[in-house]
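Student: Dumping the structure here so I can ask a few things about it.
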4 protein chains.
Amino acid sequence: MSATIRPLRRADRDAWARLWTGYLDFYETSLPQDVYEATFSRLIDPDMADMHGLIAEQAGRPTGLVHYLYHRHCWRVEDVCYLQDLFVDPEVRGSGLGRALIEAVYKAADDHGTPSVYWMTQEFNYRGRILYDQVATRTPFIKYQR
Amino acid sequence: MSATIRPLRRADRDAWARLWTGYLDFYETSLPQDVYEATFSRLIDPDMADMHGLIAEQAGRPTGLVHYLYHRHCWRVEDVCYLQDLFVDPEVRGSGLGRALIEAVYKAADDHGTPSVYWMTQEFNYRGRILYDQVATRTPFIKYQR
Amino acid sequence: MSATIRPLRRADRDAWARLWTGYLDFYETSLPQDVYEATFSRLIDPDMADMHGLIAEQAGRPTGLVHYLYHRHCWRVEDVCYLQDLFVDPEVRGSGLGRALIEAVYKAADDHGTPSVYWMTQEFNYRGRILYDQVATRTPFIKYQR
Amino acid sequence: MSATIRPLRRADRDAWARLWTGYLDFYETSLPQDVYEATFSRLIDPDMADMHGLIAEQAGRPTGLVHYLYHRHCWRVEDVCYLQDLFVDPEVRGSGLGRALIEAVYKAADDHGTPSVYWMTQEFNYRGRILYDQVATRTPFIKYQR
């Protein structure tokens, strides 16, 4: 089923919240309402250059989302693109939507002049990694956190 | 030997370049001159809120550096702090300077109201990880890159 | 579809070779004929206490195999059981046969008085690990080889 | 300081127990007396073909040990050699003794006609892995255990 992938807009608020909650559930996380408010406002703010969201629709139904942001990098003059959140409605898994969302971020990053795109995933996110191995390179970098 | 850790300033240019080159050598990387220029300018620019550098001196000699930057995070209202580059002159390894540099970033992040600090390291950076395991938590996150 | 899991016997030679070749293909490996001969002889030899094979049949068709062996362990008086090779015909994947084969080895090891069963798998064997996480514990041990 | 590495013998019983306890302490493990008895008897038994131990002496003092065993392998006609336990007295670390013990096992395995030697180590055994990366290859295999 073909998907339309486009930037988030204000009218997506409820669909976006539903999809993002699905994503956060995967990480066994819940976030307070003020984070939903701040993040959604930033994602749709045309004046906010560094944080963006795309939503996918299939047959008029919202079925996936991706959030990405730009930040500086000491090793480069231009910014890098951090693909932070990626979610596909379980009902449409296997349709290629995850790959399409990643590729939409690749295109946005190219258009922005910052083609270096990265993300992080849990080592045991097997289903995700089956896809990621096809569209990206696994690095030997692991994350430490205070 | 006690160390003074302070923000980078213009007069540190040569010492900074020497230390950073030592760091990049560790990653078997070399960077063009324009990256050195852009990064140093940003690190010392008081108007640039999102990118910072600290340098350590022991007995008047520059012996270590750390670069960190702030960026947005979809899961938080406030930014997070990404500790990107950390280097200690091999001659003073084992003196606790690496830990002191990380703790200086922790303090800066606290003062900035963004206490979430993270970094990435190669899985086989054994000497680094001996330290990191003492001051931070290893997460199960691994990095994928376009 | 219910499966019969039973010890290998001489008449299984051709079916076994076909299944094992499927397994070795997964590891992009091929083995010379003398290894097939030696291994099959050992697997069916009633006098060989330390090496065993089970084959699964579904609707009269061979659809899976598992090889396991016992060896000494310095930390235990009794032997341990090394589950070395596990294969399920791609056409019957998802039917629970992989789990049934592992559980058949667990039972054999219990009956043998050596309940410690282990195996090794490639970190990126995502489909296998989805199952293994359900029936066993991932350890922090990694394998080095001369 | 040069080391003598030789097979364990009955008179080594106390020194061996002390060294092995140091090794087991590293793994935060203690084992009952009957395991010490069974393992030592097997290690020194000339009729036991599959389990062996070497001890190192420096200046007449026992300073290290290694245990290895042979077991069958479905992918090979000949056995493989599993280097199970390796320990160097902390007081002589850095003297090259760990490497010498591994190389002594390599030689024994070669003489035995089973040159494939492997071992397992915890992913976070940084000090060990600094050595292992020099004398062996890290594989992508991880261990699962019932």
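Going through the structure tokens in order, the chains are called A, B, and so on, while each chain numbers its residues from 1 and the ligands are numbered from 1 in the order shown.
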Quick one: residues within 9 Å of Val105 (chain C), only C-alpha atoms counted, chain neighbours fewer than 2 positions away excluded, as an MDAnalysis selection string?

Tutor: chainID C and resid 54 66:68 81 83 100:103 107:110 117

Student: Based on the selection just made, write N, CA, C and O atoms of those residues as a PDB file, in the first residue's frame.

Tutor:
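What landed in again.pdb:
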ATOM      1  N   LEU C  54      19.336 -35.056  16.797  1.00  0.00           N
ATOM      2  CA  LEU C  54      17.895 -35.314  16.738  1.00  0.00           C
ATOM      3  C   LEU C  54      17.374 -34.764  15.417  1.00  0.00           C
ATOM      4  O   LEU C  54      17.857 -33.753  14.922  1.00  0.00           O
ATOM      5  N   VAL C  66      18.931 -30.954  15.183  1.00  0.00           N
ATOM      6  CA  VAL C  66      19.759 -30.339  16.212  1.00  0.00           C
ATOM      7  C   VAL C  66      20.884 -31.316  16.553  1.00  0.00           C
ATOM      8  O   VAL C  66      20.675 -32.531  16.607  1.00  0.00           O
ATOM      9  N   HIS C  67      22.088 -30.758  16.705  1.00  0.00           N
ATOM     10  CA  HIS C  67      23.271 -31.543  17.126  1.00  0.00           C
ATOM     11  C   HIS C  67      23.723 -31.015  18.478  1.00  0.00           C
ATOM     12  O   HIS C  67      23.793 -29.801  18.674  1.00  0.00           O
ATOM     13  N   TYR C  68      24.053 -31.916  19.384  1.00  0.00           N
ATOM     14  CA  TYR C  68      24.569 -31.473  20.681  1.00  0.00           C
ATOM     15  C   TYR C  68      25.634 -32.441  21.132  1.00  0.00           C
ATOM     16  O   TYR C  68      25.679 -33.588  20.687  1.00  0.00           O
ATOM     17  N   CYS C  81      26.483 -29.541  28.323  1.00  0.00           N
ATOM     18  CA  CYS C  81      25.928 -29.887  27.021  1.00  0.00           C
ATOM     19  C   CYS C  81      26.024 -28.681  26.096  1.00  0.00           C
ATOM     20  O   CYS C  81      25.488 -27.614  26.402  1.00  0.00           O
ATOM     21  N   LEU C  83      24.975 -27.267  22.670  1.00  0.00           N
ATOM     22  CA  LEU C  83      24.053 -27.381  21.540  1.00  0.00           C
ATOM     23  C   LEU C  83      24.732 -26.660  20.369  1.00  0.00           C
ATOM     24  O   LEU C  83      24.780 -25.430  20.321  1.00  0.00           O
ATOM     25  N   ALA C 100      10.915 -26.375  20.030  1.00  0.00           N
ATOM     26  CA  ALA C 100      10.727 -27.790  20.389  1.00  0.00           C
ATOM     27  C   ALA C 100      12.056 -28.545  20.322  1.00  0.00           C
ATOM     28  O   ALA C 100      12.325 -29.425  21.148  1.00  0.00           O
ATOM     29  N   LEU C 101      12.893 -28.203  19.341  1.00  0.00           N
ATOM     30  CA  LEU C 101      14.194 -28.871  19.234  1.00  0.00           C
ATOM     31  C   LEU C 101      15.095 -28.499  20.415  1.00  0.00           C
ATOM     32  O   LEU C 101      15.788 -29.356  20.976  1.00  0.00           O
ATOM     33  N   ILE C 102      15.099 -27.235  20.786  1.00  0.00           N
ATOM     34  CA  ILE C 102      15.907 -26.830  21.946  1.00  0.00           C
ATOM     35  C   ILE C 102      15.398 -27.545  23.195  1.00  0.00           C
ATOM     36  O   ILE C 102      16.184 -28.061  23.999  1.00  0.00           O
ATOM     37  N   GLU C 103      14.099 -27.596  23.344  1.00  0.00           N
ATOM     38  CA  GLU C 103      13.540 -28.239  24.546  1.00  0.00           C
ATOM     39  C   GLU C 103      13.820 -29.745  24.558  1.00  0.00           C
ATOM     40  O   GLU C 103      13.985 -30.340  25.626  1.00  0.00           O
ATOM     41  N   LYS C 107      15.724 -31.744  27.555  1.00  0.00           N
ATOM     42  CA  LYS C 107      15.268 -32.984  28.180  1.00  0.00           C
ATOM     43  C   LYS C 107      16.367 -34.053  28.136  1.00  0.00           C
ATOM     44  O   LYS C 107      16.616 -34.754  29.120  1.00  0.00           O
ATOM     45  N   ALA C 108      17.033 -34.155  26.986  1.00  0.00           N
ATOM     46  CA  ALA C 108      18.126 -35.130  26.879  1.00  0.00           C
ATOM     47  C   ALA C 108      19.230 -34.820  27.883  1.00  0.00           C
ATOM     48  O   ALA C 108      19.782 -35.720  28.522  1.00  0.00           O
ATOM     49  N   ALA C 109      19.545 -33.542  28.036  1.00  0.00           N
ATOM     50  CA  ALA C 109      20.607 -33.152  28.975  1.00  0.00           C
ATOM     51  C   ALA C 109      20.183 -33.452  30.413  1.00  0.00           C
ATOM     52  O   ALA C 109      21.004 -33.913  31.222  1.00  0.00           O
ATOM     53  N   ASP C 110      18.938 -33.199  30.704  1.00  0.00           N
ATOM     54  CA  ASP C 110      18.442 -33.535  32.049  1.00  0.00           C
ATOM     55  C   ASP C 110      18.564 -35.035  32.300  1.00  0.00           C
ATOM     56  O   ASP C 110      19.048 -35.469  33.351  1.00  0.00           O
ATOM     57  N   VAL C 117      23.106 -26.441  29.662  1.00  0.00           N
ATOM     58  CA  VAL C 117      23.106 -26.438  28.191  1.00  0.00           C
ATOM     59  C   VAL C 117      23.456 -25.031  27.717  1.00  0.00           C
ATOM     60  O   VAL C 117      22.936 -24.051  28.260  1.00  0.00           O
TER      61      VAL C 117
END

Student: Pick out the chain A residues within 7 Å of chain B. Count only C-alpha atoms. Give them as a PDB file with N, CA and C atoms, in the first residue's frame.

Tutor:
ATOM      1  N   VAL A  35       5.800  17.463  28.007  1.00  0.00           N
ATOM      2  CA  VAL A  35       6.760  17.067  26.961  1.00  0.00           C
ATOM      3  C   VAL A  35       6.031  16.884  25.635  1.00  0.00           C
ATOM      4  N   ALA A  38       5.487  20.502  24.380  1.00  0.00           N
ATOM      5  CA  ALA A  38       6.696  21.190  23.905  1.00  0.00           C
ATOM      6  C   ALA A  38       7.206  20.555  22.628  1.00  0.00           C
ATOM      7  N   THR A  39       7.228  19.224  22.591  1.00  0.00           N
ATOM      8  CA  THR A  39       7.783  18.546  21.418  1.00  0.00           C
ATOM      9  C   THR A  39       6.915  18.778  20.191  1.00  0.00           C
ATOM     10  N   HIS A  71      22.110  18.936  14.764  1.00  0.00           N
ATOM     11  CA  HIS A  71      22.948  19.546  15.808  1.00  0.00           C
ATOM     12  C   HIS A  71      24.379  19.650  15.306  1.00  0.00           C
ATOM     13  N   CYS A  74      31.672  18.497  16.179  1.00  0.00           N
ATOM     14  CA  CYS A  74      33.011  19.092  16.205  1.00  0.00           C
ATOM     15  C   CYS A  74      33.859  18.680  15.006  1.00  0.00           C
ATOM     16  N   TRP A  75      33.537  17.552  14.402  1.00  0.00           N
ATOM     17  CA  TRP A  75      34.378  17.034  13.322  1.00  0.00           C
ATOM     18  C   TRP A  75      33.961  17.549  11.946  1.00  0.00           C
ATOM     19  N   ARG A  76      32.910  18.369  11.896  1.00  0.00           N
ATOM     20  CA  ARG A  76      32.365  18.835  10.623  1.00  0.00           C
ATOM     21  C   ARG A  76      32.025  20.315  10.705  1.00  0.00           C
ATOM     22  N   VAL A  77      32.098  20.969   9.568  1.00  0.00           N
ATOM     23  CA  VAL A  77      31.636  22.354   9.524  1.00  0.00           C
ATOM     24  C   VAL A  77      30.113  22.389   9.552  1.00  0.00           C
ATOM     25  N   SER A 116      24.992  13.693   6.788  1.00  0.00           N
ATOM     26  CA  SER A 116      25.353  12.671   7.782  1.00  0.00           C
ATOM     27  C   SER A 116      24.171  12.434   8.722  1.00  0.00           C
ATOM     28  N   VAL A 117      23.568  11.266   8.611  1.00  0.00           N
ATOM     29  CA  VAL A 117      22.391  10.909   9.410  1.00  0.00           C
ATOM     30  C   VAL A 117      22.758   9.723  10.301  1.00  0.00           C
ATOM     31  N   TYR A 118      22.369   9.795  11.555  1.00  0.00           N
ATOM     32  CA  TYR A 118      22.639   8.658  12.441  1.00  0.00           C
ATOM     33  C   TYR A 118      21.466   8.459  13.377  1.00  0.00           C
ATOM     34  N   TRP A 119      21.433   7.303  13.999  1.00  0.00           N
ATOM     35  CA  TRP A 119      20.466   7.051  15.068  1.00  0.00           C
ATOM     36  C   TRP A 119      21.043   6.010  16.006  1.00  0.00           C
ATOM     37  N   MET A 120      20.345   5.807  17.102  1.00  0.00           N
ATOM     38  CA  MET A 120      20.764   4.799  18.070  1.00  0.00           C
ATOM     39  C   MET A 120      19.610   3.849  18.300  1.00  0.00           C
ATOM     40  N   THR A 121      19.943   2.609  18.549  1.00  0.00           N
ATOM     41  CA  THR A 121      18.897   1.631  18.825  1.00  0.00           C
ATOM     42  C   THR A 121      19.434   0.641  19.834  1.00  0.00           C
ATOM     43  N   GLN A 122      18.525   0.032  20.559  1.00  0.00           N
ATOM     44  CA  GLN A 122      18.968  -0.971  21.530  1.00  0.00           C
ATOM     45  C   GLN A 122      19.525  -2.185  20.803  1.00  0.00           C
ATOM     46  N   GLU A 123      20.591  -2.699  21.327  1.00  0.00           N
ATOM     47  CA  GLU A 123      21.272  -3.837  20.716  1.00  0.00           C
ATOM     48  C   GLU A 123      20.311  -4.971  20.424  1.00  0.00           C
ATOM     49  N   ALA A 136      21.631   1.231   6.416  1.00  0.00           N
ATOM     50  CA  ALA A 136      22.668   2.003   7.101  1.00  0.00           C
ATOM     51  C   ALA A 136      23.784   1.065   7.527  1.00  0.00           C
ATOM     52  N   THR A 137      24.775   1.627   8.195  1.00  0.00           N
ATOM     53  CA  THR A 137      25.917   0.853   8.668  1.00  0.00           C
ATOM     54  C   THR A 137      25.907   0.819  10.180  1.00  0.00           C
ATOM     55  N   ARG A 138      26.052  -0.365  10.716  1.00  0.00           N
ATOM     56  CA  ARG A 138      26.202  -0.451  12.157  1.00  0.00           C
ATOM     57  C   ARG A 138      27.617  -0.014  12.501  1.00  0.00           C
ATOM     58  N   THR A 139      27.745   0.910  13.438  1.00  0.00           N
ATOM     59  CA  THR A 139      29.074   1.327  13.873  1.00  0.00           C
ATOM     60  C   THR A 139      29.438   0.581  15.159  1.00  0.00           C
ATOM     61  N   PRO A 140      30.710   0.619  15.550  1.00  0.00           N
ATOM     62  CA  PRO A 140      31.079  -0.009  16.836  1.00  0.00           C
ATOM     63  C   PRO A 140      30.826   0.904  18.033  1.00  0.00           C
ATOM     64  N   PHE A 141      30.111   2.006  17.845  1.00  0.00           N
ATOM     65  CA  PHE A 141      29.901   2.941  18.942  1.00  0.00           C
ATOM     66  C   PHE A 141      28.726   2.520  19.826  1.00  0.00           C
ATOM     67  N   ILE A 142      28.967   2.593  21.111  1.00  0.00           N
ATOM     68  CA  ILE A 142      27.940   2.321  22.111  1.00  0.00           C
ATOM     69  C   ILE A 142      27.760   3.572  22.960  1.00  0.00           C
ATOM     70  N   LYS A 143      26.610   3.689  23.583  1.00  0.00           N
ATOM     71  CA  LYS A 143      26.276   4.914  24.296  1.00  0.00           C
ATOM     72  C   LYS A 143      26.438   4.762  25.803  1.00  0.00           C
ATOM     73  N   TYR A 144      27.143   5.696  26.386  1.00  0.00           N
ATOM     74  CA  TYR A 144      27.226   5.826  27.840  1.00  0.00           C
ATOM     75  C   TYR A 144      26.397   7.028  28.264  1.00  0.00           C
ATOM     76  N   GLN A 145      25.836   6.949  29.447  1.00  0.00           N
ATOM     77  CA  GLN A 145      24.966   8.015  29.913  1.00  0.00           C
ATOM     78  C   GLN A 145      25.218   8.260  31.388  1.00  0.00           C
ATOM     79  N   ARG A 146      25.237   9.531  31.727  1.00  0.00           N
ATOM     80  CA  ARG A 146      25.420   9.893  33.126  1.00  0.00           C
ATOM     81  C   ARG A 146      24.399   9.186  33.998  1.00  0.00           C
TER      82      ARG A 146
END

Student: I'd like the neighbourhood of Tyr23 (chain A) as a PyMOL selection string, where a residue qualifies if any of its atoms comes within 8 Å (using only C-alpha atoms), though same-chain residues fewer than 3 positions away should be ignored.

Tutor: chain A and resi 19-20+26-27+85-87

Student: Distance CA of Leu65 (chain D)-CA of Arg127 (chain D), one decimal place?

Tutor: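 Atom-to-atom, CA of Leu65 (chain D) to CA of Arg127 (chain D), that is 17.0 Å.
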
Student: Hey, can you check how far CA of Pro62 (chain A) sits from CA of Asp45 (chain A)?

Tutor: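 CA of Asp45 (chain A) lies at a distance of 20.1 Å from CA of Pro62 (chain A).
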
Student: Apply DSSP to the backbone of this structure and, from chain A, keep only the residues in strand (DSSP E); write these as a ChimeraX atom specification.

Tutor: /A:4-7,51-58,61-71,80-88,117-122,137-145
